[in-house]
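Reproduced below: final-v3.cif, with mmCIF, C-alpha atoms.
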```
data_upload
#
loop_
_atom_site.label_atom_id
_atom_site.label_comp_id
_atom_site.auth_asym_id
_atom_site.auth_seq_id
_atom_site.Cartn_x
_atom_site.Cartn_y
_atom_site.Cartn_z
CA MET P 243 1.07 -4.52 -16.52
CA ALA P 244 4.74 -4.60 -17.52
CA VAL P 245 7.46 -3.70 -15.06
CA GLY P 246 10.27 -1.60 -16.51
CA ILE P 247 13.88 -2.61 -15.87
CA PHE P 248 16.43 0.06 -16.74
CA ASP P 249 20.21 -0.02 -16.96
CA SER P 250 22.81 2.01 -18.79
CA GLY P 251 23.93 -1.20 -20.49
CA LEU P 252 23.69 -4.95 -20.03
CA GLY P 253 24.44 -5.31 -16.31
CA GLY P 254 20.76 -5.03 -15.43
CA LEU P 255 20.17 -8.30 -17.30
CA THR P 256 21.47 -10.05 -14.17
CA ILE P 257 18.56 -8.45 -12.32
CA LEU P 258 16.08 -9.28 -15.09
CA ASP P 259 17.21 -12.91 -15.18
CA ALA P 260 16.62 -13.27 -11.44
CA VAL P 261 13.24 -11.51 -11.39
CA GLN P 262 12.00 -13.54 -14.37
CA ALA P 263 12.95 -16.74 -12.55
CA ARG P 264 11.22 -15.53 -9.37
CA LEU P 265 8.19 -14.01 -11.17
CA PRO P 266 7.56 -16.12 -14.30
CA ASP P 267 4.09 -14.64 -14.91
CA GLN P 268 5.24 -11.01 -14.82
CA ASP P 269 5.70 -8.94 -18.00
CA PHE P 270 8.92 -6.92 -18.28
CA ILE P 271 10.32 -4.25 -20.57
CA TYR P 272 14.09 -3.92 -20.39
CA LEU P 273 15.72 -0.71 -21.59
CA ALA P 274 19.49 -0.43 -22.08
CA ASP P 275 20.81 3.07 -22.71
CA SER P 276 23.72 1.56 -24.62
CA ALA P 277 24.34 4.71 -26.67
CA ASN P 278 25.31 6.58 -23.50
CA ALA P 279 26.97 3.80 -21.48
CA PRO P 280 28.84 3.61 -19.24
CA TYR P 281 27.25 5.95 -16.70
CA GLY P 282 29.95 5.33 -14.09
CA VAL P 283 32.24 8.04 -15.45
CA ARG P 284 29.55 10.71 -16.03
CA SER P 285 28.60 13.69 -13.85
CA ALA P 286 25.65 13.48 -11.47
CA ASP P 287 23.60 15.89 -13.62
CA ASP P 288 24.27 13.85 -16.77
CA ILE P 289 23.24 10.65 -15.00
CA TYR P 290 20.06 12.30 -13.70
CA ASP P 291 19.04 13.62 -17.13
CA LEU P 292 19.72 10.30 -18.87
CA THR P 293 17.92 8.30 -16.18
CA VAL P 294 14.86 10.56 -16.31
CA ALA P 295 14.72 10.24 -20.10
CA ALA P 296 14.98 6.45 -19.96
CA THR P 297 12.40 6.16 -17.17
CA GLN P 298 10.00 8.38 -19.12
CA ARG P 299 10.48 6.09 -22.14
CA LEU P 300 9.41 3.12 -20.01
CA PHE P 301 6.44 5.06 -18.59
CA ASP P 302 5.43 5.85 -22.19
CA ALA P 303 5.65 2.12 -22.99
CA GLY P 304 3.04 1.42 -20.32
CA CYS P 305 5.14 0.70 -17.23
CA ASP P 306 3.78 2.11 -13.96
CA LEU P 307 6.72 0.67 -12.02
CA VAL P 308 10.37 1.04 -13.08
CA VAL P 309 13.33 -0.62 -11.37
CA LEU P 310 16.64 1.20 -11.80
CA ALA P 311 18.78 -1.92 -12.22
CA CYS P 312 21.82 0.33 -12.32
CA ASN P 313 23.65 1.25 -9.14
CA THR P 314 25.05 4.42 -10.65
CA ALA P 315 21.57 5.66 -11.59
CA SER P 316 20.18 4.55 -8.21
CA ALA P 317 22.96 6.36 -6.38
CA ALA P 318 23.09 9.56 -8.41
CA ALA P 319 19.51 10.07 -9.58
CA LEU P 320 16.88 8.09 -7.66
CA ARG P 321 16.41 10.30 -4.60
CA ARG P 322 16.25 13.45 -6.74
CA MET P 323 13.74 11.79 -9.08
CA GLN P 324 11.53 10.64 -6.22
CA GLU P 325 11.58 14.06 -4.56
CA GLY P 326 10.77 16.17 -7.59
CA TRP P 327 9.98 14.28 -10.76
CA VAL P 328 8.20 10.90 -10.45
CA PRO P 329 4.43 11.30 -11.13
CA ALA P 330 2.06 10.43 -8.30
CA ASP P 331 0.67 7.40 -10.15
CA LYS P 332 4.12 5.93 -10.95
CA ARG P 333 6.80 4.22 -8.88
CA VAL P 334 10.57 4.08 -9.33
CA LEU P 335 12.65 1.70 -7.20
CA GLY P 336 16.41 1.32 -6.81
CA VAL P 337 18.70 -1.61 -6.13
CA PHE P 338 20.66 -0.42 -3.07
CA VAL P 339 18.12 -0.87 -0.29
CA PRO P 340 17.46 -4.65 -0.67
CA LEU P 341 21.21 -5.24 -0.56
CA ILE P 342 21.67 -3.16 2.57
CA GLU P 343 18.72 -4.82 4.27
CA ALA P 344 20.28 -8.24 3.58
CA LEU P 345 23.65 -7.07 4.90
CA THR P 346 22.06 -5.68 8.07
CA GLU P 347 19.60 -8.62 8.41
CA ARG P 348 16.56 -6.38 8.47
CA GLU P 349 13.16 -7.22 7.09
CA TRP P 350 12.00 -5.53 3.88
CA GLY P 351 10.25 -2.34 4.97
CA ASP P 352 11.77 -2.30 8.48
CA ASN P 353 11.96 1.40 9.35
CA SER P 354 13.11 1.04 12.94
CA PRO P 355 16.07 3.13 14.16
CA PRO P 356 19.61 2.10 13.14
CA ARG P 357 21.28 -0.50 15.32
CA GLU P 358 24.53 -2.44 15.65
CA VAL P 359 24.92 -5.37 13.25
CA ALA P 360 27.19 -8.41 13.07
CA VAL P 361 29.40 -7.03 10.30
CA ASN P 362 31.71 -4.11 11.11
CA HIS P 363 34.12 -3.96 8.15
CA VAL P 364 32.55 -3.82 4.69
CA ALA P 365 34.20 -3.47 1.28
CA LEU P 366 32.18 -1.75 -1.43
CA PHE P 367 33.09 -2.31 -5.08
CA ALA P 368 31.30 0.03 -7.48
CA THR P 369 31.73 2.41 -10.41
CA PRO P 370 33.56 5.71 -9.83
CA ALA P 371 30.27 7.66 -10.03
CA THR P 372 28.53 5.40 -7.50
CA VAL P 373 31.45 5.67 -5.09
CA ALA P 374 31.49 9.48 -5.46
CA THR P 375 27.84 9.82 -4.36
CA ARG P 376 28.41 8.01 -1.05
CA ALA P 377 24.81 6.82 -1.47
CA PHE P 378 25.59 3.37 -0.09
CA GLN P 379 27.03 4.81 3.11
CA ARG P 380 24.05 7.18 3.42
CA GLU P 381 21.48 4.40 3.04
CA LEU P 382 23.45 2.11 5.36
CA ALA P 383 23.48 4.81 8.05
CA PHE P 384 19.67 4.71 8.12
CA ARG P 385 19.81 1.06 9.20
CA ALA P 386 23.10 0.33 10.99
CA ILE P 387 25.66 1.94 13.27
CA GLY P 388 29.32 1.15 13.79
CA VAL P 389 29.99 -0.15 10.28
CA ASP P 390 33.23 0.88 8.59
CA VAL P 391 32.84 1.00 4.78
CA GLU P 392 35.85 1.12 2.46
CA ALA P 393 34.84 1.90 -1.12
CA GLN P 394 36.85 0.93 -4.19
CA ALA P 395 36.07 2.57 -7.52
CA CYS P 396 36.43 -0.18 -10.13
CA GLY P 397 37.29 1.67 -13.31
CA GLY P 398 37.26 -0.33 -16.53
CA VAL P 399 35.39 -3.41 -15.33
CA VAL P 400 32.02 -2.47 -16.85
CA ASP P 401 33.63 -1.61 -20.20
CA ALA P 402 35.48 -4.93 -20.30
CA ILE P 403 32.32 -6.90 -19.52
CA GLU P 404 30.25 -4.96 -22.07
CA ASP P 405 32.97 -5.67 -24.66
CA GLY P 406 32.95 -9.37 -23.78
CA ASP P 407 36.62 -9.27 -22.67
CA MET P 408 36.33 -11.42 -19.55
CA ILE P 409 40.09 -11.97 -19.31
CA LEU P 410 40.60 -8.21 -18.92
CA ALA P 411 37.61 -7.99 -16.57
CA GLU P 412 39.12 -10.68 -14.32
CA ALA P 413 42.50 -8.96 -14.27
CA LEU P 414 40.88 -5.63 -13.38
CA VAL P 415 38.78 -7.20 -10.60
CA ARG P 416 41.86 -8.75 -9.01
CA SER P 417 43.69 -5.43 -9.25
CA HIS P 418 40.82 -3.55 -7.62
CA VAL P 419 40.48 -6.13 -4.85
CA GLY P 420 44.20 -5.82 -4.21
CA ALA P 421 43.88 -2.04 -3.93
CA LEU P 422 40.95 -2.38 -1.53
CA LYS P 423 42.77 -4.85 0.70
CA ARG P 424 45.70 -2.48 1.02
CA LYS P 425 43.23 -0.03 2.62
CA MET P 426 41.14 -2.64 4.48
CA PRO P 427 43.19 -5.83 4.91
CA LYS P 428 40.43 -7.93 6.49
CA PRO P 429 36.92 -7.05 5.28
CA GLN P 430 34.18 -9.23 6.74
CA ALA P 431 31.78 -8.64 3.86
CA ALA P 432 31.94 -7.28 0.34
CA ILE P 433 29.21 -5.53 -1.61
CA LEU P 434 29.19 -5.87 -5.39
CA GLY P 435 27.65 -2.47 -6.05
CA CYS P 436 27.17 -2.79 -9.79
CA THR P 437 24.78 -5.10 -11.60
CA HIS P 438 27.55 -6.16 -13.99
CA TYR P 439 29.64 -7.54 -11.15
CA PRO P 440 27.63 -10.74 -10.41
CA LEU P 441 29.19 -12.12 -13.59
CA MET P 442 32.54 -11.77 -11.84
CA LYS P 443 31.37 -12.92 -8.40
CA ASP P 444 33.61 -16.02 -8.38
CA THR P 445 36.64 -13.85 -9.19
CA PHE P 446 35.75 -11.36 -6.44
CA GLN P 447 35.27 -14.25 -3.99
CA ASP P 448 38.57 -15.90 -4.94
CA ALA P 449 40.50 -12.63 -4.68
CA LEU P 450 38.90 -11.67 -1.37
CA GLY P 451 39.14 -15.12 0.23
CA ALA P 452 36.59 -17.73 1.23
CA ASP P 453 35.99 -16.15 4.66
CA VAL P 454 34.55 -12.92 3.17
CA ALA P 455 30.78 -12.90 2.60
CA VAL P 456 30.12 -11.52 -0.90
CA PHE P 457 26.72 -9.90 -1.49
CA SER P 458 25.35 -9.29 -5.00
CA GLN P 459 21.98 -7.91 -5.89
CA ALA P 460 20.07 -10.01 -8.38
CA ASP P 461 18.30 -12.48 -6.07
CA LEU P 462 17.78 -9.88 -3.35
CA VAL P 463 16.13 -7.43 -5.74
CA ALA P 464 13.98 -10.24 -7.15
CA GLU P 465 12.67 -11.05 -3.67
CA SER P 466 12.00 -7.38 -2.94
CA LEU P 467 10.14 -6.95 -6.22
CA ALA P 468 8.12 -10.10 -5.55
CA ASP P 469 7.17 -8.71 -2.15
CA TYR P 470 6.07 -5.44 -3.76
CA LEU P 471 4.00 -7.18 -6.44
CA VAL P 472 2.24 -9.39 -3.89
CA ARG P 473 0.97 -6.13 -2.40
CA HIS P 474 0.13 -4.74 -5.86
CA PRO P 475 -1.43 -7.67 -7.76
CA ASP P 476 -2.78 -5.41 -10.52
CA LYS P 477 0.70 -5.36 -12.05
CA VAL P 478 0.91 -9.10 -12.81
CA GLY P 479 1.06 -9.98 -16.52
CA ASN P 480 1.57 -12.96 -18.85
CA GLY P 481 5.30 -13.68 -18.57
CA GLU P 482 6.36 -11.72 -21.66
CA ALA P 483 9.50 -9.62 -22.06
CA ALA P 484 10.58 -6.92 -24.51
CA PHE P 485 14.09 -5.51 -24.93
CA LEU P 486 14.86 -1.95 -26.03
CA THR P 487 18.17 -0.18 -26.59
CA THR P 488 19.32 3.28 -27.57
CA GLY P 489 22.35 1.67 -29.21
CA ASP P 490 22.78 -0.64 -32.21
CA PRO P 491 20.15 -3.38 -31.69
CA LYS P 492 22.14 -6.02 -33.58
CA ARG P 493 25.33 -5.45 -31.61
CA VAL P 494 23.53 -5.17 -28.27
CA SER P 495 21.53 -8.35 -29.00
CA MET P 496 24.75 -10.25 -29.71
CA ARG P 497 26.37 -9.04 -26.49
CA ALA P 498 23.22 -9.73 -24.46
CA THR P 499 23.00 -13.27 -25.82
CA GLN P 500 26.61 -13.86 -24.76
CA PHE P 501 25.90 -12.18 -21.43
CA LEU P 502 22.94 -14.40 -20.45
CA ARG P 503 23.82 -17.42 -22.60
CA ARG P 504 20.33 -17.42 -24.15
CA GLN P 505 18.91 -15.66 -27.17
CA ILE P 506 18.04 -12.02 -26.46
CA THR P 507 16.76 -9.76 -29.23
CA PHE P 508 16.77 -5.99 -28.75
CA THR P 509 14.89 -3.43 -30.82
CA ALA P 510 15.48 0.30 -31.11
CA ALA P 511 14.10 2.34 -28.22
#
```
Before we go any further, please render this structure as C-alpha cells.
Amino acid sequence: MAVGIFDSGLGGLTILDAVQARLPDQDFIYLADSANAPYGVRSADDIYDLTVAATQRLFDAGCDLVVLACNTASAAALRRMQEGWVPADKRVLGVFVPLIEALTEREWGDNSPPREVAVNHVALFATPATVATRAFQRELAFRAIGVDVEAQACGGVVDAIEDGDMILAEALVRSHVGALKRKMPKPQAAILGCTHYPLMKDTFQDALGADVAVFSQADLVAESLADYLVRHPDKVGNGEAAFLTTGDPKRVSMRATQFLRRQITFTAA
C-alpha cells in the first residue's frame, strides 16, 4: 500500500528523502502541485480547496494514508479536512505535531495536559500563510505552557529555492533572521516551519548563532510515520516510488533532481 506525500512544490522532497531512508520497504507516491505553487501567499480557502483536490488525487491513486508534507497546507487545511472531509477509511497526517513534540520533549501520542518545558523563547520561520493561521502556536498550546513564540514570515524564500537561486535564498534567509532577532534578540530554539527550509538549515544556524537549537522536520516526520506504520503493517510495500506533478513534468524533474542531487522523474498528475 503506497503512502501519499503531498506538497505544493518540491519542499516535501526533504520529507520523502527522510522517510525513504527510514522506511526503505515502503511504497510512496509524491504529488507536487507545481502549477499552483507557492501556497504560502494564497488565502486559506484557496489552500483548502487545492489541498483537498491533491489529497483526493492521491486517494484515487490507491493511497489510504496521505502526509501533508507542506506546512502551509497542514496549517490552513488539515484540521478542516479532518473534521469534515476525510473519509472514514482514509487518514491524512500533517507535519507540525512531530516537530512540536520534539521541541517539548513529549512522546509521540502523549495526550497529557500541557506543562512547562525547557525552552521559553522560540523563533518560528514559515511562509506568510502559515504564520497567519497561528496553527503552530495553537498546537504548541496543547502541549506546553509559558513558551513565547515570535513568528517571522519568510516571503520569497520558497520561490528562490524552487527556482534554484540559492544565492538569493541565502540572502533572504539572513534578512528574515535579522528581522526576527530585532523582535526576539535571544531565541533559545528556532523552528523551520516549511519543508523547503531544511535545505537552508546551515544558513539559518549560522545567522541565528551556534547556541540556538534549530529544529527541522524531515527526520522527525520520518520517525512519526515509522511509528504509525509499525501499528498499521498492512500499509508496507516494496520500496517503490512514483512522482506526479500538476506542472511541467520535464521542468519539475530537472528542479527535483537538483533539489535532491539524484535523478527524479515526474509524470503528469
request  = To verify the selection step, state as a PyMOL selection string which residues the PyMOL selection byres ((chain P and resi 480) around 12) yields on this input.
outcome  = chain P and resi 243-245+262+265-270+477-479+481-483
request  = Translate the PyMOL selection byres ((chain P and resi 486-493) around 7), as applied to the file shown, into an explicit residue set as a ChimeraX atom specification.
outcome  = /P:272-277,484-485,494-497,508-511
query = Mind pulling up the distance from atom CA of Met426 of chain P to atom CA of Val389 of chain P?
reply = 12.8 Å
Select from segment 379-450 of chain P every residue with an atom at most 12 Å from any atom of segment 339-347 of chain P, then for each give the shortest pair of atoms and their distance in Å to one decimal, using all atoms listed in the file, rows by chain and rising number, as a tab-separated table.
```
residue	atom	partner	partner_atom	distance
P:Gln379	CA	P:Ile342	CA	9.6
P:Arg380	CA	P:Ile342	CA	10.6
P:Glu381	CA	P:Val339	CA	7.1
P:Leu382	CA	P:Ile342	CA	6.2
P:Ala383	CA	P:Ile342	CA	9.8
P:Phe384	CA	P:Ile342	CA	9.8
P:Arg385	CA	P:Thr346	CA	7.2
P:Ala386	CA	P:Thr346	CA	6.8
P:Ile387	CA	P:Thr346	CA	9.9
P:Gly388	CA	P:Thr346	CA	11.5
P:Val389	CA	P:Thr346	CA	9.9
P:Gln430	CA	P:Leu345	CA	10.9
P:Ala431	CA	P:Leu345	CA	8.3
P:Ala432	CA	P:Leu345	CA	9.5
P:Ile433	CA	P:Leu341	CA	8.1
P:Leu434	CA	P:Leu341	CA	9.3
P:Gly435	CA	P:Leu341	CA	8.9
P:Cys436	CA	P:Leu341	CA	11.3
P:Thr437	CA	P:Leu341	CA	11.6
```
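Selection result for the displayed file, with the PyMOL selection byres ((chain P and resi 377) around 10) as criterion, is Asn313, Thr314, Ser316, Ala317, Ala318, Arg321, Phe338, Thr372, Val373, Ala374, Thr375, Arg376, Phe378, Gln379, Arg380, Glu381, Leu382 and Ala383 of chain P.
A straight line drawn from atom CA of Arg333 of chain P to atom CA of Arg284 of chain P is 24.7 Å long.
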ask   = Near segment 300-302 of chain P, within 9 Å and counting all atoms listed in the file, which residues show up once chain neighbours fewer than 3 positions away are dropped, as a VMD selection string?
value = chain P and resid 245 to 248 271 to 273 295 to 297 305 to 308 332
request  = Identify the residues around (10.2, -12.8, -5.7) within a radius of 7 Å, measuring from all atoms listed in the file in the coordinates stated by the file, and give them as a list in words.
outcome  = Val261, Arg264, Leu265, Ala464, Glu465, Ser466, Leu467, Ala468 and Asp469 of chain P
ask   = Could you work out how far atom CA of Gln500 of chain P lies from atom CA of Gly451 of chain P, giving the answer in Å with one decimal?
value =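 Distance between the two atoms: 28.0 Å.
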